[in-house]
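A.B. asks: mmCIF, C-alpha atoms and all ligand atoms, file data03.cif:
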```cif
data_target
#
loop_
_atom_site.label_atom_id
_atom_site.label_comp_id
_atom_site.auth_asym_id
_atom_site.auth_seq_id
_atom_site.Cartn_x
_atom_site.Cartn_y
_atom_site.Cartn_z
CA MET A 1 7.47 3.77 -6.84
CA LYS A 2 5.52 6.98 -7.25
CA SER A 3 2.27 6.54 -9.09
CA LYS A 4 -0.37 9.12 -9.78
CA ILE A 5 -2.93 9.51 -7.05
CA HIS A 6 -6.35 8.36 -8.24
CA VAL A 7 -8.32 9.15 -5.14
CA SER A 8 -10.52 12.20 -5.50
CA LYS A 9 -10.68 12.79 -1.74
CA LEU A 10 -6.92 13.00 -1.40
CA THR A 11 -4.75 15.02 -3.76
CA GLN A 12 -1.00 15.31 -4.27
CA GLN A 13 -1.33 18.85 -2.92
CA HIS A 14 -2.83 17.56 0.35
CA ILE A 15 0.13 15.24 0.84
CA GLU A 16 2.74 17.83 -0.05
CA ALA A 17 1.26 20.52 2.20
CA HIS A 18 1.02 18.02 5.05
CA ASN A 19 4.61 16.86 4.58
CA ASP A 20 5.91 20.44 4.41
CA ALA A 21 4.22 21.20 7.71
CA HIS A 22 5.69 18.13 9.41
CA LEU A 23 9.11 18.10 7.77
CA ALA A 24 11.19 20.03 10.30
CA LEU A 25 10.18 17.86 13.24
CA HIS A 26 10.58 14.71 11.14
CA LYS A 27 14.13 15.67 10.12
CA LYS A 28 15.07 16.25 13.73
CA ARG A 29 13.81 12.78 14.74
CA LEU A 30 15.42 11.10 11.76
CA ASP A 31 18.80 12.80 12.35
CA PHE A 32 18.81 11.58 15.92
CA LEU A 33 17.90 8.02 14.90
CA THR A 34 20.49 7.80 12.11
CA SER A 35 23.13 8.99 14.58
CA GLU A 36 22.18 6.11 16.90
CA ILE A 37 22.01 3.20 14.45
CA SER A 38 23.83 2.06 11.34
CA GLY A 39 22.67 0.75 8.00
CA THR A 40 19.71 3.10 7.72
CA GLU A 41 19.82 3.38 3.92
CA ASP A 42 19.55 -0.40 3.58
CA ILE A 43 16.62 -0.51 6.01
CA LEU A 44 14.90 2.36 4.21
CA GLN A 45 15.14 0.56 0.88
CA LYS A 46 13.70 -2.59 2.41
CA LEU A 47 10.83 -0.66 3.96
CA MET A 48 10.08 1.02 0.64
CA ASP A 49 9.96 -2.36 -1.12
CA PHE A 50 7.74 -3.83 1.58
CA GLN A 51 4.02 -4.22 0.84
CA VAL A 52 1.16 -5.60 2.91
CA ALA A 53 -2.12 -6.72 1.36
CA ILE A 54 -5.36 -5.22 2.63
CA PRO A 55 -8.35 -7.56 2.91
CA SER A 56 -11.48 -6.39 1.17
CA TRP A 57 -13.54 -7.49 4.17
CA ALA A 58 -11.83 -5.15 6.64
CA LEU A 59 -12.86 -1.90 4.92
CA GLY A 60 -16.19 -1.75 6.71
CA THR A 61 -16.84 -2.14 10.39
CA GLY A 62 -16.96 -5.74 11.45
CA GLY A 63 -19.34 -6.94 14.04
CA THR A 64 -19.86 -9.62 16.58
CA ARG A 65 -22.64 -12.14 17.05
CA PHE A 66 -24.25 -9.44 19.21
CA GLY A 67 -24.47 -6.74 16.60
CA ARG A 68 -22.85 -4.48 14.10
CA PHE A 69 -22.49 -0.71 14.25
CA PRO A 70 -21.61 0.69 10.82
CA GLY A 71 -19.56 3.87 10.95
CA GLY A 72 -20.75 5.43 7.71
CA GLY A 73 -19.29 5.75 4.24
CA GLU A 74 -18.45 2.06 3.96
CA PRO A 75 -17.69 0.85 0.45
CA ARG A 76 -20.81 -0.37 -1.37
CA SER A 77 -19.10 -2.20 -4.19
CA LEU A 78 -15.85 -3.83 -5.19
CA GLU A 79 -14.92 -0.63 -7.03
CA GLU A 80 -15.32 1.39 -3.83
CA LYS A 81 -13.30 -1.16 -1.88
CA ILE A 82 -10.48 -0.75 -4.38
CA GLU A 83 -10.80 3.01 -4.02
CA ASP A 84 -10.41 2.68 -0.24
CA VAL A 85 -7.30 0.50 -0.52
CA GLY A 86 -5.94 2.96 -3.10
CA LEU A 87 -6.45 5.69 -0.54
CA LEU A 88 -4.51 3.76 2.10
CA HIS A 89 -1.75 3.10 -0.40
CA ALA A 90 -1.57 6.77 -1.38
CA LEU A 91 -1.15 7.64 2.29
CA ASN A 92 1.43 5.02 3.29
CA ARG A 93 2.79 3.59 -0.01
CA SER A 94 2.87 0.16 1.65
CA SER A 95 -0.64 -1.13 1.01
CA GLY A 96 -0.12 -2.00 -2.63
CA ALA A 97 -2.21 -5.17 -2.72
CA ILE A 98 -5.76 -6.30 -2.02
CA SER A 99 -7.07 -9.70 -1.02
CA LEU A 100 -10.61 -10.59 -2.10
CA HIS A 101 -13.21 -12.89 -0.63
CA ILE A 102 -15.60 -14.76 -2.92
CA PRO A 103 -18.60 -14.56 -3.08
CA TRP A 104 -18.52 -11.22 -1.22
CA ASP A 105 -16.45 -9.57 -3.97
CA ILE A 106 -17.34 -11.24 -7.26
CA PRO A 107 -15.81 -9.12 -10.04
CA LYS A 108 -18.36 -8.64 -12.83
CA ASP A 109 -15.72 -7.42 -15.29
CA GLY A 110 -12.30 -8.81 -14.36
CA LYS A 111 -10.40 -6.68 -16.85
CA ALA A 112 -12.03 -3.42 -15.75
CA ILE A 113 -11.42 -4.25 -12.08
CA GLN A 114 -7.80 -5.11 -12.80
CA GLU A 115 -7.35 -1.79 -14.63
CA LEU A 116 -8.95 0.13 -11.79
CA ALA A 117 -6.65 -1.55 -9.27
CA ALA A 118 -3.59 -0.90 -11.45
CA ALA A 119 -4.54 2.78 -11.65
CA HIS A 120 -4.28 2.84 -7.85
CA GLY A 121 -0.95 0.98 -7.95
CA LEU A 122 -2.55 -2.18 -6.54
CA ARG A 123 -2.17 -5.83 -7.39
CA PHE A 124 -4.33 -8.74 -6.27
CA ASP A 125 -2.97 -10.96 -3.54
CA ALA A 126 -4.56 -14.30 -2.59
CA VAL A 127 -8.24 -14.88 -3.31
CA ASN A 128 -10.23 -16.47 -0.50
CA SER A 129 -12.98 -19.05 -0.80
CA ASN A 130 -15.91 -19.22 1.58
CA THR A 131 -17.51 -22.49 2.59
CA PHE A 132 -18.14 -21.39 6.16
CA GLN A 133 -21.49 -19.82 5.30
CA ASP A 134 -24.47 -20.89 3.24
CA GLN A 135 -25.19 -18.50 0.40
CA GLU A 136 -28.61 -17.71 -0.97
CA ASN A 137 -29.68 -20.22 -3.63
CA GLN A 138 -27.03 -22.69 -2.49
CA ALA A 139 -28.27 -26.26 -3.05
CA LEU A 140 -26.63 -28.00 -0.08
CA SER A 141 -25.75 -26.74 3.40
CA TYR A 142 -22.33 -26.48 5.06
CA LYS A 143 -23.85 -26.81 8.51
CA PHE A 144 -21.86 -30.01 9.08
CA GLY A 145 -18.78 -29.04 7.13
CA SER A 146 -17.74 -28.55 3.53
CA LEU A 147 -14.61 -30.32 2.29
CA GLN A 148 -14.86 -32.84 5.17
CA HIS A 149 -18.58 -33.52 4.78
CA VAL A 150 -19.84 -37.11 5.02
CA ASP A 151 -21.98 -36.47 1.92
CA LYS A 152 -19.95 -36.55 -1.27
CA ALA A 153 -22.38 -34.13 -2.95
CA VAL A 154 -21.64 -31.45 -0.35
CA ARG A 155 -17.92 -31.96 -0.83
CA ARG A 156 -18.40 -31.71 -4.58
CA GLN A 157 -20.24 -28.41 -4.19
CA ALA A 158 -17.47 -27.00 -1.97
CA ILE A 159 -14.77 -28.16 -4.40
CA GLU A 160 -16.58 -26.52 -7.31
CA HIS A 161 -16.85 -23.28 -5.32
CA ASN A 162 -13.08 -23.24 -4.75
CA ILE A 163 -12.44 -23.89 -8.45
CA GLU A 164 -14.77 -21.01 -9.29
CA VAL A 165 -12.79 -18.76 -6.91
CA ILE A 166 -9.58 -19.70 -8.74
CA LYS A 167 -11.21 -18.63 -12.01
CA TYR A 168 -12.15 -15.23 -10.56
CA GLY A 169 -8.60 -14.91 -9.27
CA VAL A 170 -7.12 -15.72 -12.67
CA ALA A 171 -9.25 -12.99 -14.23
CA LEU A 172 -7.75 -10.48 -11.78
CA GLY A 173 -4.13 -11.59 -11.98
CA SER A 174 -4.09 -13.14 -8.51
CA GLU A 175 -1.69 -16.04 -8.04
CA SER A 176 -2.82 -17.82 -4.91
CA LEU A 177 -5.85 -19.30 -3.19
CA THR A 178 -6.34 -19.23 0.57
CA VAL A 179 -8.54 -21.98 1.95
CA TRP A 180 -9.81 -21.52 5.47
CA LEU A 181 -12.26 -24.17 6.62
CA SER A 182 -14.62 -23.89 9.54
CA ASP A 183 -15.01 -27.69 9.28
CA GLY A 184 -14.83 -29.65 12.50
CA SER A 185 -17.15 -30.85 15.21
CA CYS A 186 -18.77 -29.48 18.33
CA PHE A 187 -19.03 -32.70 20.34
CA PRO A 188 -16.94 -35.79 21.00
CA GLY A 189 -18.01 -38.65 18.80
CA GLN A 190 -19.76 -36.40 16.28
CA LEU A 191 -17.00 -36.92 13.75
CA ASN A 192 -14.67 -39.70 12.73
CA PHE A 193 -11.40 -37.73 12.81
CA ARG A 194 -9.61 -39.86 10.26
CA ARG A 195 -12.51 -39.91 7.84
CA ALA A 196 -12.85 -36.13 8.16
CA PHE A 197 -9.14 -35.70 7.46
CA GLN A 198 -9.20 -38.05 4.46
CA ASN A 199 -12.29 -36.42 2.97
CA THR A 200 -10.73 -32.99 3.42
CA LEU A 201 -7.44 -34.12 1.90
CA GLU A 202 -9.14 -35.65 -1.15
CA SER A 203 -11.20 -32.49 -1.63
CA LEU A 204 -8.11 -30.27 -1.32
CA GLN A 205 -6.31 -32.50 -3.82
CA GLU A 206 -9.01 -31.84 -6.40
CA ILE A 207 -8.75 -28.10 -5.81
CA TYR A 208 -4.95 -28.26 -5.93
CA THR A 209 -5.13 -30.04 -9.28
CA ALA A 210 -7.25 -27.18 -10.62
CA LEU A 211 -4.62 -24.54 -9.77
CA PRO A 212 -2.89 -22.86 -12.73
CA PRO A 213 0.78 -23.94 -12.92
CA HIS A 214 2.26 -20.87 -11.19
CA TRP A 215 -0.41 -20.66 -8.46
CA LYS A 216 0.02 -21.45 -4.78
CA MET A 217 -2.50 -22.80 -2.31
CA PHE A 218 -2.46 -21.60 1.30
CA VAL A 219 -3.99 -23.89 3.92
CA GLU A 220 -5.03 -21.77 6.90
CA TYR A 221 -5.50 -23.42 10.28
CA LYS A 222 -7.46 -22.37 13.33
CA ALA A 223 -7.58 -23.93 16.78
CA PHE A 224 -11.26 -23.44 17.57
CA GLU A 225 -14.40 -21.56 16.54
CA PRO A 226 -16.90 -21.95 15.02
CA ASN A 227 -16.45 -25.59 15.96
CA PHE A 228 -15.60 -25.97 19.63
CA TYR A 229 -14.53 -29.59 20.02
CA SER A 230 -12.37 -30.25 16.96
CA MET A 231 -11.25 -28.37 13.89
CA THR A 232 -10.28 -30.43 10.88
CA VAL A 233 -7.43 -28.00 10.09
CA GLY A 234 -6.81 -27.09 13.72
CA ASP A 235 -3.13 -26.30 14.03
CA TRP A 236 0.10 -25.90 12.13
CA GLY A 237 0.81 -29.63 12.32
CA GLN A 238 -2.39 -30.51 10.56
CA ALA A 239 -1.97 -27.69 8.03
CA LEU A 240 1.57 -28.88 7.34
CA LEU A 241 0.35 -32.47 6.89
CA TYR A 242 -2.11 -31.31 4.23
CA ALA A 243 0.47 -29.05 2.56
CA ASN A 244 3.08 -31.81 2.45
CA LYS A 245 0.64 -34.33 1.05
CA LEU A 246 -0.73 -31.89 -1.54
CA GLY A 247 2.56 -30.92 -3.15
CA GLU A 248 5.19 -28.27 -3.51
CA ARG A 249 2.79 -25.43 -4.32
CA ALA A 250 0.76 -25.97 -1.16
CA TYR A 251 1.77 -24.02 1.94
CA THR A 252 0.49 -23.27 5.41
CA LEU A 253 -0.88 -19.86 6.29
CA VAL A 254 -0.36 -18.47 9.78
CA ASP A 255 -3.16 -16.30 11.14
CA LEU A 256 -1.83 -14.81 14.37
CA GLY A 257 -5.21 -15.10 16.09
CA HIS A 258 -5.75 -18.77 15.27
CA HIS A 259 -3.67 -20.39 18.01
CA LEU A 260 -4.41 -21.64 21.47
CA PRO A 261 -3.52 -19.05 24.15
CA ASN A 262 0.21 -18.36 24.61
CA ALA A 263 1.32 -20.49 21.66
CA ASN A 264 4.88 -19.73 20.58
CA ILE A 265 4.02 -18.42 17.13
CA GLU A 266 7.56 -17.27 16.32
CA GLN A 267 8.82 -20.83 16.76
CA ILE A 268 6.08 -22.14 14.47
CA VAL A 269 7.11 -19.52 11.90
CA ALA A 270 10.79 -20.49 12.14
CA LEU A 271 10.07 -24.19 11.58
CA LEU A 272 7.60 -23.68 8.74
CA LEU A 273 10.15 -21.43 7.08
CA MET A 274 12.84 -24.06 7.56
CA GLU A 275 10.59 -26.61 5.85
CA GLY A 276 9.85 -24.24 2.95
CA LYS A 277 6.16 -24.41 3.86
CA LEU A 278 5.44 -20.93 5.17
CA GLY A 279 3.06 -19.47 2.60
CA GLY A 280 1.99 -16.33 4.34
CA PHE A 281 0.34 -14.52 7.18
CA HIS A 282 -2.91 -13.09 8.27
CA PHE A 283 -1.81 -10.34 10.64
CA ASN A 284 -3.98 -9.21 13.54
CA ASP A 285 -3.70 -9.13 17.29
CA SER A 286 -5.56 -10.69 20.16
CA LYS A 287 -5.72 -10.98 23.90
CA TYR A 288 -8.09 -13.93 24.31
CA GLY A 289 -8.85 -15.73 21.08
CA ASP A 290 -9.43 -14.84 17.46
CA ASP A 291 -10.04 -11.22 18.45
CA ASP A 292 -9.05 -9.71 15.08
CA LEU A 293 -7.74 -6.56 16.76
CA THR A 294 -5.36 -4.03 15.24
CA VAL A 295 -1.94 -5.51 14.51
CA GLY A 296 0.52 -4.64 17.28
CA SER A 297 -2.14 -3.29 19.64
CA ILE A 298 -1.79 -6.01 22.29
CA ARG A 299 1.47 -7.92 21.77
CA PRO A 300 3.92 -5.83 19.78
CA TYR A 301 6.86 -7.84 21.14
CA GLN A 302 5.41 -11.05 19.70
CA LEU A 303 5.08 -9.34 16.34
CA PHE A 304 8.72 -8.24 16.55
CA LEU A 305 9.82 -11.79 17.42
CA ILE A 306 7.94 -13.13 14.40
CA PHE A 307 9.66 -10.62 12.12
CA ASN A 308 12.94 -11.49 13.78
CA GLU A 309 12.44 -15.06 12.56
CA LEU A 310 11.44 -13.88 9.08
CA VAL A 311 14.58 -11.76 8.79
CA GLU A 312 16.74 -14.51 10.30
CA GLY A 313 15.36 -16.98 7.74
CA GLY A 314 15.80 -14.51 4.86
CA ALA A 315 12.09 -14.86 4.08
CA LEU A 316 11.41 -11.27 3.13
CA GLU A 317 14.51 -10.48 1.08
CA SER A 318 14.27 -13.57 -1.10
CA GLY A 319 10.72 -12.52 -1.95
CA ILE A 320 11.87 -9.18 -3.29
CA GLN A 321 14.48 -10.85 -5.49
CA ASN A 322 12.20 -13.67 -6.52
CA PRO A 323 8.47 -12.87 -6.36
CA GLU A 324 7.63 -16.58 -6.93
CA SER A 325 9.04 -17.42 -3.52
CA ALA A 326 7.57 -14.37 -1.80
CA ILE A 327 5.64 -14.87 1.37
CA SER A 328 2.12 -13.43 1.25
CA LEU A 329 1.64 -10.75 3.88
CA MET A 330 -1.99 -9.93 4.50
CA ILE A 331 -3.94 -8.27 7.27
CA ASP A 332 -6.99 -10.09 8.60
CA ALA A 333 -8.58 -7.87 11.18
CA SER A 334 -11.98 -6.47 11.97
CA GLN A 335 -13.04 -3.32 13.76
CA ASN A 336 -16.07 -2.44 15.80
CA VAL A 337 -14.97 0.75 17.50
CA LYS A 338 -12.43 2.37 15.16
CA ASP A 339 -12.67 3.84 11.70
CA PRO A 340 -11.67 0.79 9.63
CA LEU A 341 -9.31 2.81 7.41
CA GLU A 342 -7.53 4.40 10.36
CA ASP A 343 -7.28 0.96 11.90
CA LEU A 344 -5.65 -0.43 8.76
CA LEU A 345 -3.16 2.44 8.70
CA GLN A 346 -2.23 1.57 12.28
CA SER A 347 -1.90 -2.12 11.41
CA VAL A 348 0.39 -1.52 8.43
CA GLU A 349 2.58 0.82 10.47
CA ALA A 350 2.85 -1.72 13.31
CA ILE A 351 4.04 -4.33 10.80
CA GLN A 352 6.60 -1.93 9.30
CA ILE A 353 7.89 -1.03 12.76
CA ALA A 354 8.32 -4.70 13.68
CA TYR A 355 10.13 -5.32 10.39
CA ALA A 356 12.46 -2.33 10.84
CA GLN A 357 13.26 -3.38 14.42
CA ALA A 358 13.97 -6.94 13.30
CA LEU A 359 16.39 -5.56 10.70
CA LEU A 360 18.24 -3.80 13.54
CA VAL A 361 19.02 -7.02 15.41
CA ASP A 362 22.77 -7.62 15.54
CA ARG A 363 22.63 -11.16 14.13
CA LYS A 364 26.31 -11.88 14.37
CA ALA A 365 26.43 -10.92 18.04
CA LEU A 366 23.21 -12.85 18.72
CA ASN A 367 24.62 -15.97 17.11
CA GLU A 368 27.81 -15.72 19.17
CA ALA A 369 25.84 -15.20 22.38
CA GLN A 370 23.65 -18.21 21.53
CA LEU A 371 26.70 -20.40 20.97
CA GLU A 372 28.06 -19.30 24.34
CA ASN A 373 24.71 -19.99 26.05
CA ASP A 374 24.72 -16.38 27.22
CA ALA A 375 21.00 -15.92 27.80
CA VAL A 376 21.45 -12.46 29.29
CA ARG A 377 23.30 -11.14 26.28
CA CYS A 378 20.80 -12.75 23.88
CA GLN A 379 17.99 -10.87 25.57
CA GLU A 380 19.97 -7.62 25.61
CA ILE A 381 20.62 -7.89 21.86
CA LEU A 382 16.99 -8.61 20.96
CA GLN A 383 15.55 -5.96 23.23
CA ALA A 384 18.05 -3.32 22.16
CA ALA A 385 16.50 -3.63 18.70
CA TYR A 386 12.95 -3.87 19.97
CA ARG A 387 13.29 -0.79 22.16
CA THR A 388 14.63 1.39 19.37
CA ASP A 389 12.05 3.92 18.25
CA VAL A 390 12.12 3.38 14.47
CA ARG A 391 9.06 5.45 13.65
CA ALA A 392 11.13 8.16 11.96
CA LEU A 393 12.61 5.54 9.62
CA VAL A 394 9.18 4.24 8.69
CA ALA A 395 8.01 7.83 8.10
CA GLU A 396 11.07 8.54 5.95
CA ALA A 397 10.31 5.46 3.82
CA ARG A 398 6.78 6.79 3.32
CA LEU A 399 8.09 10.26 2.46
CA ARG A 400 10.54 8.90 -0.12
CA GLY A 401 7.80 6.76 -1.64
CA GLY A 402 5.50 9.76 -2.06
CA GLY A 403 3.25 9.08 0.91
CA ALA A 404 2.40 11.09 4.00
CA LEU A 405 4.64 11.59 7.02
CA GLU A 406 1.67 11.08 9.36
CA PRO A 407 -1.05 9.15 7.46
CA ILE A 408 -3.70 9.13 10.16
CA ALA A 409 -3.24 12.84 10.90
CA LEU A 410 -3.63 13.63 7.19
CA PHE A 411 -6.66 11.34 6.89
CA ARG A 412 -8.28 13.43 9.62
CA GLU A 413 -7.01 16.82 8.40
CA VAL A 414 -8.60 16.26 4.99
CA GLY A 415 -11.79 14.90 6.57
CA ILE A 416 -11.76 11.86 4.34
CA ARG A 417 -14.36 9.90 6.32
CA ASN A 418 -16.84 12.78 6.02
CA GLU A 419 -16.21 12.92 2.28
CA LEU A 420 -16.88 9.19 2.03
CA ILE A 421 -20.09 9.55 4.04
CA LYS A 422 -21.23 12.43 1.79
CA GLU A 423 -20.64 10.32 -1.29
CA ARG A 424 -21.79 6.90 -0.07
CA GLY A 425 -24.19 7.67 2.73
CA LEU A 426 -24.25 7.04 6.45
CA LYS A 427 -26.00 3.68 6.41
CA THR A 428 -23.89 1.72 3.97
CA ILE A 429 -22.78 -1.76 4.86
CA ALA A 430 -19.81 -3.38 3.18
CA THR A 431 -20.09 -7.07 2.34
CA GLY A 432 -18.22 -9.31 4.72
CA LEU A 433 -18.80 -10.78 8.11
MN MN B 1 -7.47 -15.41 8.65
#
```
Would you encode the structure as structure tokens?
Ligand SMILES: [Mn+2]
C.D. replies:
Amino acid sequence: MKSKIHVSKLTQQHIEAHNDAHLALHKKRLDFLTSEISGTEDILQKLMDFQVAIPSWALGTGGTRFGRFPGGGEPRSLEEKIEDVGLLHALNRSSGAISLHIPWDIPKDGKAIQELAAAHGLRFDAVNSNTFQDQENQALSYKFGSLQHVDKAVRRQAIEHNIEVIKYGVALGSESLTVWLSDGSCFPGQLNFRRAFQNTLESLQEIYTALPPHWKMFVEYKAFEPNFYSMTVGDWGQALLYANKLGERAYTLVDLGHHLPNANIEQIVALLLMEGKLGGFHFNDSKYGDDDLTVGSIRPYQLFLIFNELVEGGALESGIQNPESAISLMIDASQNVKDPLEDLLQSVEAIQIAYAQALLVDRKALNEAQLENDAVRCQEILQAAYRTDVRALVAEARLRGGGALEPIALFREVGIRNELIKERGLKTIATGL
């Protein structure tokens, strides 16, 4: 697991000195936890194997339609984005993948970029196409949709873009394409629903046909925004329809922020998993809509319940044994008020905590209680796991992997943001939304 640290701002010595300083307290916490629970070695191994992909578009501050407030030292190029993800991975040893967005991150030299990523211990997760914006020099507009468009020429342009994204992905060693469409309508009657669906399906079929044999396609759904009356891939039912019609290498992708309020996401996850159509996640958190907040910051119990379903369905273990069947785990968040790198460290840790807690659930006892319709005991079993403080286990997994006991504390101790600002400048703006 240990790979050489390639980040100039953070050295092996920084990590070792930090860990030495925090070791005594960590040991105390870990000893207490291991005396309370069983199977810690198994959980530790699973945590060490567990990797979450970082999106290239979350490394700078995001913004809203009202404005954007860059925090300084944002990556100016794809190389610097890879350096930032390498930094996160060196700190937590669980951010070993990066997900790119085209055309924001077009690699000029695929081989060189792949080598740079490998030097940081990173691989390329899904590549993402973008037909929700018009790019400079683009012949036709996506104002009224892309793959659904009434004009065949617009659909053709959007299909070609997706095929181009696949080619960039192939050059980097990526093995999946995520398609998120903003297509839909803002007013009743604006769109013929069935025609929009059929056009979208036919367009997706052409893209699917262009996938290399071992590639997967992820169809991401979203309930509303930017279209506010209908979305052509609006929920998991529609995404599943497309995925089923496309073929066995097409899957749905669950973005936690893309549901109507109070949707039971864990149930959606369980059923998609049962159907073999759960391709992956975009993790984030929200209170109102697609808020793109730090994972686990608002509804950590929901996150735990989702991981409970993943563990129950064996989704994460089968991926380790058989990478072909692995579920893609990606973060899709955006920050306006936090340092984006600190935010990502928090997000990855929240995911690891939810995973570790889900591994603690006494599944045999839960199954028995379910069969006896003992709702009280079912809740006790789930919440006993959820209320266990597993942070020492997650820290131990980081320590064993060569990372830092307290990644955010070390990030601040070393003054990494200031180093990035010195090198890149205060007024840099990373590509993205
Ligand atoms: Mn997403």
A.B. asks: For a test of reading the model, state the distance in Å between CA of Ile113 in chain A and CA of Asp332 in chain A, rounded to one decimal.
C.D. replies: 21.9 Å
A.B. asks: Which residues come within 8 Å of range 423-430 of chain A, counting all atoms listed in the file, excluding same-chain residues fewer than 5 positions away, as JSON, numbers by chain?
C.D. replies: {"A": [57, 59, 60, 61, 70, 71, 72, 73, 74, 75, 76, 77]}
A.B. asks: For ligand MN 1 (chain B), which residue among A:Asp255, A:Asp235, A:Asp49, A:Asp42 is the nearest when counting all atoms listed in the file?
C.D. replies: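 Counting all atoms listed in the file, the residue closest to ligand MN 1 (chain B) is A:Asp255.
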A.B. asks: Go ahead and compute the interatomic distance for CA of Ala196 in chain A and CA of Ala270 in chain A, in Å to one decimal.
C.D. replies: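 Result for CA of Ala196 in chain A versus CA of Ala270 in chain A: 28.6 Å, one decimal.
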A.B. asks: Could you list, as a PDB file with C-alpha atoms, in the coordinates of the input, all the residues within 10 Å of ligand MN 1 (chain B), counting only C-alpha atoms and all ligand atoms?
C.D. replies:
```pdb
ATOM      1  CA  PRO A  55      -8.350  -7.560   2.910  1.00  0.00           C
ATOM      2  CA  ASN A 128     -10.230 -16.470  -0.500  1.00  0.00           C
ATOM      3  CA  THR A 178      -6.340 -19.230   0.570  1.00  0.00           C
ATOM      4  CA  VAL A 179      -8.540 -21.980   1.950  1.00  0.00           C
ATOM      5  CA  TRP A 180      -9.810 -21.520   5.470  1.00  0.00           C
ATOM      6  CA  GLU A 220      -5.030 -21.770   6.900  1.00  0.00           C
ATOM      7  CA  TYR A 221      -5.500 -23.420  10.280  1.00  0.00           C
ATOM      8  CA  LYS A 222      -7.460 -22.370  13.330  1.00  0.00           C
ATOM      9  CA  LEU A 253      -0.880 -19.860   6.290  1.00  0.00           C
ATOM     10  CA  VAL A 254      -0.360 -18.470   9.780  1.00  0.00           C
ATOM     11  CA  ASP A 255      -3.160 -16.300  11.140  1.00  0.00           C
ATOM     12  CA  LEU A 256      -1.830 -14.810  14.370  1.00  0.00           C
ATOM     13  CA  GLY A 257      -5.210 -15.100  16.090  1.00  0.00           C
ATOM     14  CA  HIS A 258      -5.750 -18.770  15.270  1.00  0.00           C
ATOM     15  CA  PHE A 281       0.340 -14.520   7.180  1.00  0.00           C
ATOM     16  CA  HIS A 282      -2.910 -13.090   8.270  1.00  0.00           C
ATOM     17  CA  PHE A 283      -1.810 -10.340  10.640  1.00  0.00           C
ATOM     18  CA  ASN A 284      -3.980  -9.210  13.540  1.00  0.00           C
ATOM     19  CA  ASP A 290      -9.430 -14.840  17.460  1.00  0.00           C
ATOM     20  CA  ASP A 292      -9.050  -9.710  15.080  1.00  0.00           C
ATOM     21  CA  MET A 330      -1.990  -9.930   4.500  1.00  0.00           C
ATOM     22  CA  ILE A 331      -3.940  -8.270   7.270  1.00  0.00           C
ATOM     23  CA  ASP A 332      -6.990 -10.090   8.600  1.00  0.00           C
ATOM     24  CA  ALA A 333      -8.580  -7.870  11.180  1.00  0.00           C
TER      25      ALA A 333
END
```
A.B. asks: Which value, in Å to one decimal, gives the distance between CA of His161 in chain A and CA of Ile102 in chain A?
C.D. replies: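 Between CA of His161 in chain A and CA of Ile102 in chain A the gap works out to 8.9 Å.
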A.B. asks: Padding 4 Å on each side, edges along x, y and z: where is the centre of the box around the listed atoms of range 101-112 of chain A, and how long are its edges in Å to one decimal? Output it as JSON.
C.D. replies:
```
{"center_x": -14.5, "center_y": -9.1, "center_z": -8.7, "size_x": 16.2, "size_y": 19.3, "size_z": 24.2}
```
A.B. asks: So which residues touch range 80-82 of chain A within 12 Å, counting all atoms listed in the file, skipping near sequence neighbours fewer than 6 positions away, as a PyMOL selection string?
C.D. replies: chain A and resi 6-8+53-60+73-74+88-89+95-101+104-105+107+112-124+340-341+420+423-424+428-432
A.B. asks: Tell me, as a list in words, which residues lie within 9 Å of Val165 in chain A, counting all atoms listed in the file; anything in the same chain fewer than 2 positions away does not count.
C.D. replies: His101, Ile102, Pro103, Ile106, Val127, Asn128, Ser129, Glu160, His161, Asn162, Ile163, Lys167, Tyr168, Gly169, Val170 and Leu177 of chain A
A.B. asks: Those residues you just picked out, can you put them in a file as a compact mmCIF listing (two decimals), in the coordinates of the input with C-alpha atoms?
C.D. replies:
```txt
# COMPACT_ATOMS: atom_id res chain seq x y z
CA HIS A 101 -13.21 -12.89 -0.63
CA ILE A 102 -15.60 -14.76 -2.92
CA PRO A 103 -18.60 -14.56 -3.08
CA ILE A 106 -17.34 -11.24 -7.26
CA VAL A 127 -8.24 -14.88 -3.31
CA ASN A 128 -10.23 -16.47 -0.50
CA SER A 129 -12.98 -19.05 -0.80
CA GLU A 160 -16.58 -26.52 -7.31
CA HIS A 161 -16.85 -23.28 -5.32
CA ASN A 162 -13.08 -23.24 -4.75
CA ILE A 163 -12.44 -23.89 -8.45
CA LYS A 167 -11.21 -18.63 -12.01
CA TYR A 168 -12.15 -15.23 -10.56
CA GLY A 169 -8.60 -14.91 -9.27
CA VAL A 170 -7.12 -15.72 -12.67
CA LEU A 177 -5.85 -19.30 -3.19
```
A.B. asks: Extract, using all atoms listed in the file, all DNA, RNA and protein residues at most 7 Å from range 393-404 of chain A, discarding same-chain residues fewer than 6 positions from it, and format them as a list in words.
C.D. replies: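 Final neighbour list, sorted by chain and number: Met1, Lys2, Ile15, Asn19, Leu30, Leu44, Leu47, Met48, Ala90, Leu91, Asn92, Arg93, Gln352 and Ile353 of chain A.
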A.B. asks: Looking at all atoms listed in the file, which of A:Gly110, A:Gly247, A:Pro226, A:Gly145 is the one that sits closest to Ala158 in chain A?
C.D. replies: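 Distance minimum relative to Ala158 in chain A lands on A:Gly145.
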A.B. asks: Residues at most 8 Å from Ser347 in chain A, counting only C-alpha atoms, excluding those fewer than 4 positions away in the same chain, as a PyMOL selection string?
C.D. replies: chain A and resi 284+294-296+331+343+351
A.B. asks: Name the residues within 10 Å of (16.8, -4.7, 12.1), counting only C-alpha atoms in the file's coordinates, and put them as a VMD selection string.
C.D. replies: chain A and resid 37 to 40 42 to 43 304 307 to 308 311 to 312 353 to 363 382 385 to 386 388 390
